Every structure is written in C-alpha cells, then in structure tokens.
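Printed here is my_file-v8.txt (compact mmCIF, C-alpha atoms):
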# COMPACT_ATOMS: atom_id res chain seq x y z
CA MET I 20 9.86 -7.98 10.84
CA HIS I 21 12.30 -9.63 8.48
CA ALA I 22 14.12 -7.61 5.82
CA ILE I 23 15.65 -9.08 2.68
CA ASP I 24 18.29 -7.26 0.59
CA VAL I 25 18.70 -4.45 3.13
CA PRO I 26 21.38 -2.60 1.06
CA GLY I 27 18.71 -1.78 -1.58
CA THR I 28 16.29 -0.12 0.81
CA PRO I 29 15.02 3.44 0.39
CA ARG I 30 16.00 6.20 2.83
CA ASP I 31 12.64 6.05 4.68
CA TRP I 32 12.48 2.24 4.79
CA ASP I 33 11.72 2.08 8.53
CA LEU I 34 8.74 4.41 8.03
CA TYR I 35 7.35 2.16 5.29
CA ARG I 36 7.84 -0.93 7.47
CA THR I 37 5.70 0.55 10.25
CA ALA I 38 3.06 2.22 8.04
CA VAL I 39 -0.62 1.32 8.27
CA VAL I 40 -3.18 1.32 5.48
CA GLY I 41 -6.93 1.90 5.55
CA ILE I 42 -8.80 0.31 2.65
CA ARG I 43 -12.44 1.25 2.04
CA PHE I 44 -14.76 -1.59 1.09
CA GLY I 45 -18.15 0.07 0.61
CA GLU I 46 -19.44 1.20 4.00
CA ARG I 47 -16.53 -0.14 6.00
CA THR I 48 -12.83 0.52 6.20
CA VAL I 49 -10.30 -2.15 7.03
CA ARG I 50 -7.18 -0.87 8.79
CA VAL I 51 -4.20 -3.11 8.08
CA ALA I 52 -1.22 -2.81 10.40
CA PRO I 53 2.04 -4.77 10.50
CA ARG I 54 2.51 -7.32 13.26
CA PRO I 55 5.14 -9.94 14.10
CA ARG I 56 5.85 -12.39 11.30
CA GLY I 57 3.42 -15.33 11.35
CA THR I 58 0.49 -13.20 12.57
CA ALA I 59 -2.52 -12.96 10.23
CA GLU I 60 -5.63 -11.75 12.03
CA GLY I 61 -8.84 -10.32 10.68
CA PHE I 62 -10.57 -9.69 7.39
CA PHE I 63 -8.79 -10.43 4.08
CA PRO I 64 -10.78 -9.29 1.00
CA VAL I 65 -9.84 -11.98 -1.50
CA PRO I 66 -11.33 -15.51 -1.37
CA ASP I 67 -9.19 -18.19 0.28
CA GLY I 68 -7.21 -20.28 -2.13
CA SER I 69 -7.17 -17.70 -4.92
CA GLY I 70 -3.51 -16.87 -4.34
CA ALA I 71 -4.25 -13.22 -5.00
CA THR I 72 -2.28 -10.40 -3.41
CA VAL I 73 -3.66 -6.94 -2.67
CA HIS I 74 -1.09 -4.31 -3.64
CA VAL I 75 -1.37 -0.80 -2.23
CA ILE I 76 0.12 1.93 -4.40
CA THR I 77 0.14 5.71 -4.23
CA ALA I 78 1.25 8.51 -6.52
CA TRP I 79 1.58 11.04 -3.67
CA ASN I 80 4.84 12.81 -2.86
CA PRO I 81 7.06 11.26 -5.54
CA ARG I 82 10.70 10.62 -4.69
CA GLY I 83 9.92 11.19 -1.00
CA ARG I 84 9.45 14.93 -1.46
CA THR I 85 6.32 16.69 -0.27
CA ALA I 86 4.30 17.78 -3.29
CA SER I 87 1.48 20.32 -3.44
CA ASP I 88 -2.10 19.18 -2.96
CA ASP I 89 -2.78 19.93 -6.63
CA ALA I 90 0.24 17.92 -7.83
CA ASN I 91 -0.68 14.99 -5.58
CA ALA I 92 -4.30 15.04 -6.77
CA ARG I 93 -3.21 15.17 -10.44
CA ASP I 94 -0.72 12.32 -10.05
CA GLN I 95 -3.18 10.18 -8.06
CA SER I 96 -5.80 10.74 -10.76
CA LEU I 97 -3.31 9.51 -13.39
CA LEU I 98 -2.58 6.42 -11.28
CA LEU I 99 -6.30 5.69 -10.92
CA ASP I 100 -6.76 6.12 -14.68
CA GLU I 101 -4.01 3.55 -15.27
CA VAL I 102 -5.55 1.10 -12.79
CA ARG I 103 -8.97 1.50 -14.47
CA ARG I 104 -7.41 1.10 -17.93
CA ARG I 105 -5.89 -2.21 -16.83
CA GLY I 106 -9.26 -3.40 -15.53
CA LEU I 107 -7.94 -4.18 -12.06
CA VAL I 108 -10.20 -4.80 -9.08
CA ARG I 109 -9.61 -1.75 -6.88
CA TRP I 110 -10.60 -0.02 -3.66
CA PRO I 111 -9.76 3.44 -2.31
CA ALA I 112 -7.05 3.40 0.33
CA VAL I 113 -5.06 5.73 2.57
CA GLY I 114 -1.59 4.90 3.86
CA GLY I 115 0.38 6.60 6.57
CA ASP I 116 1.88 6.41 10.02
CA ALA I 117 0.10 4.65 12.88
CA ARG I 118 -0.69 7.93 14.69
CA GLY I 119 -2.39 9.39 11.62
CA THR I 120 -0.12 12.43 11.37
CA HIS I 121 0.96 11.57 7.82
CA ARG I 122 -1.56 10.27 5.26
CA GLU I 123 -1.36 9.64 1.53
CA GLU I 124 -4.25 8.72 -0.74
CA SER I 125 -3.61 5.36 -2.33
CA VAL I 126 -5.35 2.59 -4.21
CA ALA I 127 -5.54 -1.10 -3.28
CA VAL I 128 -5.59 -3.38 -6.32
CA VAL I 129 -5.85 -7.07 -7.11
CA GLY I 130 -4.45 -8.49 -10.33
CA LEU I 131 -0.80 -7.39 -10.35
CA SER I 132 2.34 -9.39 -9.79
CA ASP I 133 4.87 -7.99 -7.34
CA ALA I 134 7.06 -6.97 -10.29
CA ALA I 135 4.16 -5.13 -11.98
CA ALA I 136 3.20 -3.39 -8.71
CA ARG I 137 6.82 -2.26 -8.23
CA ALA I 138 6.97 -1.03 -11.83
CA LEU I 139 3.75 0.96 -11.39
CA GLY I 140 5.11 2.45 -8.17
CA ARG I 141 8.36 3.37 -9.96
CA ARG I 142 6.39 4.97 -12.80
CA PHE I 143 4.83 7.32 -10.24
CA GLY I 144 8.12 8.03 -8.45
CA GLN I 145 7.48 5.86 -5.39
CA ASP I 146 10.08 4.27 -3.13
CA ALA I 147 7.87 1.33 -2.12
CA VAL I 148 4.51 -0.38 -2.44
CA PHE I 149 2.70 -2.72 -0.05
CA ALA I 150 1.73 -6.32 -0.77
CA TRP I 151 -0.96 -7.92 1.44
CA SER I 152 -1.62 -11.65 1.23
CA PRO I 153 -3.40 -14.10 3.55
CA ASP I 154 -0.12 -14.96 5.29
CA ALA I 155 2.02 -11.78 5.12
CA TRP I 156 2.23 -7.99 4.90
CA ARG I 157 5.21 -7.03 2.76
CA VAL I 158 6.88 -3.78 1.85
CA LEU I 159 8.41 -3.96 -1.64
CA ALA I 160 11.08 -1.45 -2.63
CA CYS I 161 10.35 -0.12 -6.11
CA GLY I 162 13.99 0.54 -7.01
CA SER I 163 15.49 -2.78 -5.89
CA GLY I 164 14.54 -6.27 -4.83
CA ALA I 165 14.38 -5.26 -1.15
CA VAL I 166 11.46 -6.72 0.80
CA ALA I 167 10.40 -6.40 4.43
CA VAL I 168 8.11 -9.21 5.55
CA SER I 169 5.83 -9.12 8.58
CA GLY I 170 2.50 -10.44 9.72
CA TRP I 171 -0.64 -8.32 9.81
CA VAL I 172 -3.78 -7.52 11.71
CA ALA I 173 -6.86 -6.08 10.00
CA SER I 174 -9.52 -4.33 12.00
CA VAL I 175 -12.88 -3.36 10.51
CA ARG I 176 -14.57 -0.07 11.29
CA ALA I 177 -17.37 1.98 9.79
CA SER I 178 -16.01 4.24 7.05
CA ALA I 179 -17.06 7.38 8.89
CA GLU I 180 -14.72 6.36 11.76
CA SER I 181 -11.61 5.81 9.66
Would you mind writing the structure in this file as structure tokens?
Amino acid sequence: MHAIDVPGTPRDWDLYRTAVVGIRFGERTVRVAPRPRGTAEGFFPVPDGSGATVHVITAWNPRGRTASDDANARDQSLLLDEVRRRGLVRWPAVGGDARGTHREESVAVVGLSDAAARALGRRFGQDAVFAWSPDAWRVLACGSGAVAVSGWVASVRASAES
C-alpha cells in the first residue's frame, strides 16, 4: 500500500488502511478488501468507462470515540438524509476490521468528488472515507490531503452470509 502525505494522517490510519467494507446490492453483498497496489479483482458496481468512484462514508463514532448506539443511529440517519437530499446513487454498507470484531454502518455512494466525500466525512466528524474505483481502493483522510492507495479484491456473497 502506498501512502501520500503521511504527516497528515489520522491516529488510526493503519486501521483504516486495512479495513474491509461490505456493500449490499439487493440480495447480495460485495466484500471489498485492500490488496497490493495494481490488483483489481471481482465485481465493480459502476459501468466501465464511466469514471465514477464509489465513496464509502459513515457517521458512526465521530472523532474516533465510541458513541452510544442511539447517537450512532441518529448521526447515521442524518447522513442518509443528506445523501438522499443530494439525490446520490447509494447502497447500504458496513465497514470494519477484517476479522469482523469492529463494524460501523456506512453508506456507499456514487456522484461525489473526493473533495465532496471528504467534506461530508468531516461534517460527520470522521477521520477518513474510502474511495473505490476500477483500478484502486483509496483511504482519504478527511482533515488533510493524505491518501493511502492500494488495490482491491471484491468477493460476492448472499446477503444473509455477510
């Protein structure tokens, strides 16, 4: 994984760089995991050639502090309201560590620039957001220009299994 602007990285940067995300597309969930740079294997939800990026954003646990279930649900609802208000294509998502011991409800969206995704993450107190494109999986720091770039692998599974 390649990091750019390392001095501007959040405290938990290494955790973000190794995080996985499950995105629910109807009856199936696609689990996206970072891989060595140059790897791009599996399903990508946006048509080839569109140039679109899927950004994954959460409102859970702002500023890296564990919030109550009620506070997380309220903040996530506000994020979803904002995404709907903007008319963005969206899918439910869950991000967390590869072992599944830490999970945060999220939303995967198409239609934002990296700058707009970072700004939305900042608005909800987040350290970072994810940016998934046909050729890279990137972690974007919300408070600086820091970026970690890797490849990705996406595996499809029935939603009940995710």
Of the listed residues I:Glu101, I:Thr28, I:Ala165, I:Ser152, that which approaches Ala134 in chain I most closely, counting all atoms listed in the file: I:Ala165
Which one of I:Ala135, I:Ala173, I:Cys161, I:Val129 sits closest to His74 in chain I if you count only C-alpha atoms?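 Of I:Ala135, I:Ala173, I:Cys161, I:Val129, the one nearest His74 in chain I, counting only C-alpha atoms, is I:Val129.
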Which of these, I:Val126, I:Ala117, I:Ala86, I:Val158, has the shortest distance to Arg103 in chain I once you count all atoms listed in the file? I:Val126
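Taking CA of Gly130 in chain I and CA of Gly164 in chain I as the two end points, the separation is 19.9 Å.
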Which value, in Å to one decimal, gives the distance between CA of Gly61 in chain I and CA of Arg157 in chain I?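 We find that CA of Gly61 in chain I and CA of Arg157 in chain I lie 16.5 Å from each other.
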Within 12 Å of Ala167 in chain I, counting all atoms listed in the file, which residues show up once you throw out same-chain ones fewer than 3 positions away? Write them as a ChimeraX atom specification, please. /I:20-25,27-29,32-38,53-56,147-151,155-160,164,170
Closest of I:Leu139, I:Val39, I:Val73, I:Leu99 to Gly162 in chain I, counting all atoms listed in the file, is I:Leu139
Name the closest residue to Arg176 in chain I among the candidates I:Glu60, I:Asp31, I:Ala90, I:Gly41; distances are taken between atoms, counting all atoms listed in the file.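 Checking each candidate against Arg176 in chain I, we get I:Gly41 as the closest.
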Can you take the partial range 94-105 of chain I, add all heavy atoms, and return it as a JSON list (two decimals), keeping the file's coordinate frame?
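result.json, freshly written:
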[["chain", "number", "residue", "atom", "x", "y", "z"],
["I", 94, "ASP", "N", -1.44, 13.58, -9.90],
["I", 94, "ASP", "CA", -0.72, 12.32, -10.05],
["I", 94, "ASP", "C", -1.57, 11.12, -9.62],
["I", 94, "ASP", "O", -1.56, 10.07, -10.26],
["I", 94, "ASP", "CB", 0.59, 12.35, -9.26],
["I", 94, "ASP", "CG", 1.61, 13.32, -9.86],
["I", 94, "ASP", "OD1", 1.42, 13.77, -11.01],
["I", 94, "ASP", "OD2", 2.59, 13.62, -9.16],
["I", 95, "GLN", "N", -2.33, 11.28, -8.53],
["I", 95, "GLN", "CA", -3.18, 10.18, -8.06],
["I", 95, "GLN", "C", -4.27, 9.89, -9.09],
["I", 95, "GLN", "O", -4.60, 8.73, -9.33],
["I", 95, "GLN", "CB", -3.79, 10.51, -6.69],
["I", 95, "GLN", "CG", -4.49, 9.35, -6.04],
["I", 95, "GLN", "CD", -3.56, 8.23, -5.60],
["I", 95, "GLN", "OE1", -2.35, 8.41, -5.48],
["I", 95, "GLN", "NE2", -4.11, 7.06, -5.36],
["I", 96, "SER", "N", -4.80, 10.92, -9.72],
["I", 96, "SER", "CA", -5.80, 10.74, -10.76],
["I", 96, "SER", "C", -5.21, 9.95, -11.94],
["I", 96, "SER", "O", -5.87, 9.07, -12.50],
["I", 96, "SER", "CB", -6.32, 12.10, -11.22],
["I", 96, "SER", "OG", -7.25, 11.95, -12.26],
["I", 97, "LEU", "N", -3.97, 10.25, -12.30],
["I", 97, "LEU", "CA", -3.31, 9.51, -13.39],
["I", 97, "LEU", "C", -3.10, 8.05, -13.00],
["I", 97, "LEU", "O", -3.29, 7.15, -13.83],
["I", 97, "LEU", "CB", -1.97, 10.17, -13.74],
["I", 97, "LEU", "CG", -2.06, 11.54, -14.39],
["I", 97, "LEU", "CD1", -0.67, 12.18, -14.49],
["I", 97, "LEU", "CD2", -2.70, 11.45, -15.76],
["I", 98, "LEU", "N", -2.73, 7.80, -11.75],
["I", 98, "LEU", "CA", -2.58, 6.42, -11.28],
["I", 98, "LEU", "C", -3.92, 5.69, -11.35],
["I", 98, "LEU", "O", -4.00, 4.56, -11.85],
["I", 98, "LEU", "CB", -2.03, 6.40, -9.85],
["I", 98, "LEU", "CG", -2.03, 5.04, -9.13],
["I", 98, "LEU", "CD1", -1.17, 4.02, -9.87],
["I", 98, "LEU", "CD2", -1.58, 5.22, -7.69],
["I", 99, "LEU", "N", -4.98, 6.32, -10.88],
["I", 99, "LEU", "CA", -6.30, 5.69, -10.92],
["I", 99, "LEU", "C", -6.75, 5.43, -12.36],
["I", 99, "LEU", "O", -7.35, 4.38, -12.63],
["I", 99, "LEU", "CB", -7.33, 6.55, -10.17],
["I", 99, "LEU", "CG", -7.10, 6.66, -8.67],
["I", 99, "LEU", "CD1", -8.09, 7.65, -8.05],
["I", 99, "LEU", "CD2", -7.20, 5.30, -8.00],
["I", 100, "ASP", "N", -6.45, 6.34, -13.27],
["I", 100, "ASP", "CA", -6.76, 6.12, -14.68],
["I", 100, "ASP", "C", -6.05, 4.88, -15.20],
["I", 100, "ASP", "O", -6.62, 4.08, -15.94],
["I", 100, "ASP", "CB", -6.36, 7.33, -15.53],
["I", 100, "ASP", "CG", -7.27, 8.54, -15.34],
["I", 100, "ASP", "OD1", -8.36, 8.39, -14.74],
["I", 100, "ASP", "OD2", -6.85, 9.65, -15.76],
["I", 101, "GLU", "N", -4.78, 4.71, -14.83],
["I", 101, "GLU", "CA", -4.01, 3.55, -15.27],
["I", 101, "GLU", "C", -4.59, 2.26, -14.70],
["I", 101, "GLU", "O", -4.71, 1.25, -15.40],
["I", 101, "GLU", "CB", -2.54, 3.71, -14.86],
["I", 101, "GLU", "CG", -1.67, 2.53, -15.22],
["I", 101, "GLU", "CD", -1.54, 2.29, -16.72],
["I", 101, "GLU", "OE1", -1.81, 3.21, -17.52],
["I", 101, "GLU", "OE2", -1.16, 1.16, -17.10],
["I", 102, "VAL", "N", -4.96, 2.28, -13.43],
["I", 102, "VAL", "CA", -5.55, 1.10, -12.79],
["I", 102, "VAL", "C", -6.86, 0.73, -13.47],
["I", 102, "VAL", "O", -7.12, -0.44, -13.77],
["I", 102, "VAL", "CB", -5.74, 1.35, -11.27],
["I", 102, "VAL", "CG1", -6.62, 0.31, -10.63],
["I", 102, "VAL", "CG2", -4.38, 1.42, -10.58],
["I", 103, "ARG", "N", -7.70, 1.75, -13.77],
["I", 103, "ARG", "CA", -8.97, 1.50, -14.47],
["I", 103, "ARG", "C", -8.71, 0.95, -15.87],
["I", 103, "ARG", "O", -9.38, 0.02, -16.31],
["I", 103, "ARG", "CB", -9.79, 2.78, -14.56],
["I", 103, "ARG", "CG", -10.54, 3.11, -13.30],
["I", 103, "ARG", "CD", -11.62, 4.15, -13.49],
["I", 103, "ARG", "NE", -11.31, 5.55, -13.44],
["I", 103, "ARG", "CZ", -10.78, 6.22, -12.41],
["I", 103, "ARG", "NH1", -10.39, 5.60, -11.33],
["I", 103, "ARG", "NH2", -10.60, 7.50, -12.46],
["I", 104, "ARG", "N", -7.74, 1.53, -16.56],
["I", 104, "ARG", "CA", -7.41, 1.10, -17.93],
["I", 104, "ARG", "C", -7.01, -0.38, -17.95],
["I", 104, "ARG", "O", -7.36, -1.11, -18.87],
["I", 104, "ARG", "CB", -6.29, 1.96, -18.50],
["I", 104, "ARG", "CG", -5.99, 1.67, -19.97],
["I", 104, "ARG", "CD", -4.78, 2.42, -20.49],
["I", 104, "ARG", "NE", -3.53, 1.99, -19.89],
["I", 104, "ARG", "CZ", -2.91, 0.82, -20.13],
["I", 104, "ARG", "NH1", -3.45, -0.04, -20.96],
["I", 104, "ARG", "NH2", -1.77, 0.52, -19.54],
["I", 105, "ARG", "N", -6.32, -0.82, -16.91],
["I", 105, "ARG", "CA", -5.89, -2.21, -16.83],
["I", 105, "ARG", "C", -7.00, -3.15, -16.36],
["I", 105, "ARG", "O", -6.82, -4.36, -16.36],
["I", 105, "ARG", "CB", -4.70, -2.35, -15.87],
["I", 105, "ARG", "CG", -3.44, -1.67, -16.36],
["I", 105, "ARG", "CD", -2.31, -1.90, -15.41],
["I", 105, "ARG", "NE", -1.13, -1.14, -15.77],
["I", 105, "ARG", "CZ", 0.08, -1.41, -15.31],
["I", 105, "ARG", "NH1", 0.27, -2.42, -14.48],
["I", 105, "ARG", "NH2", 1.10, -0.67, -15.67]]
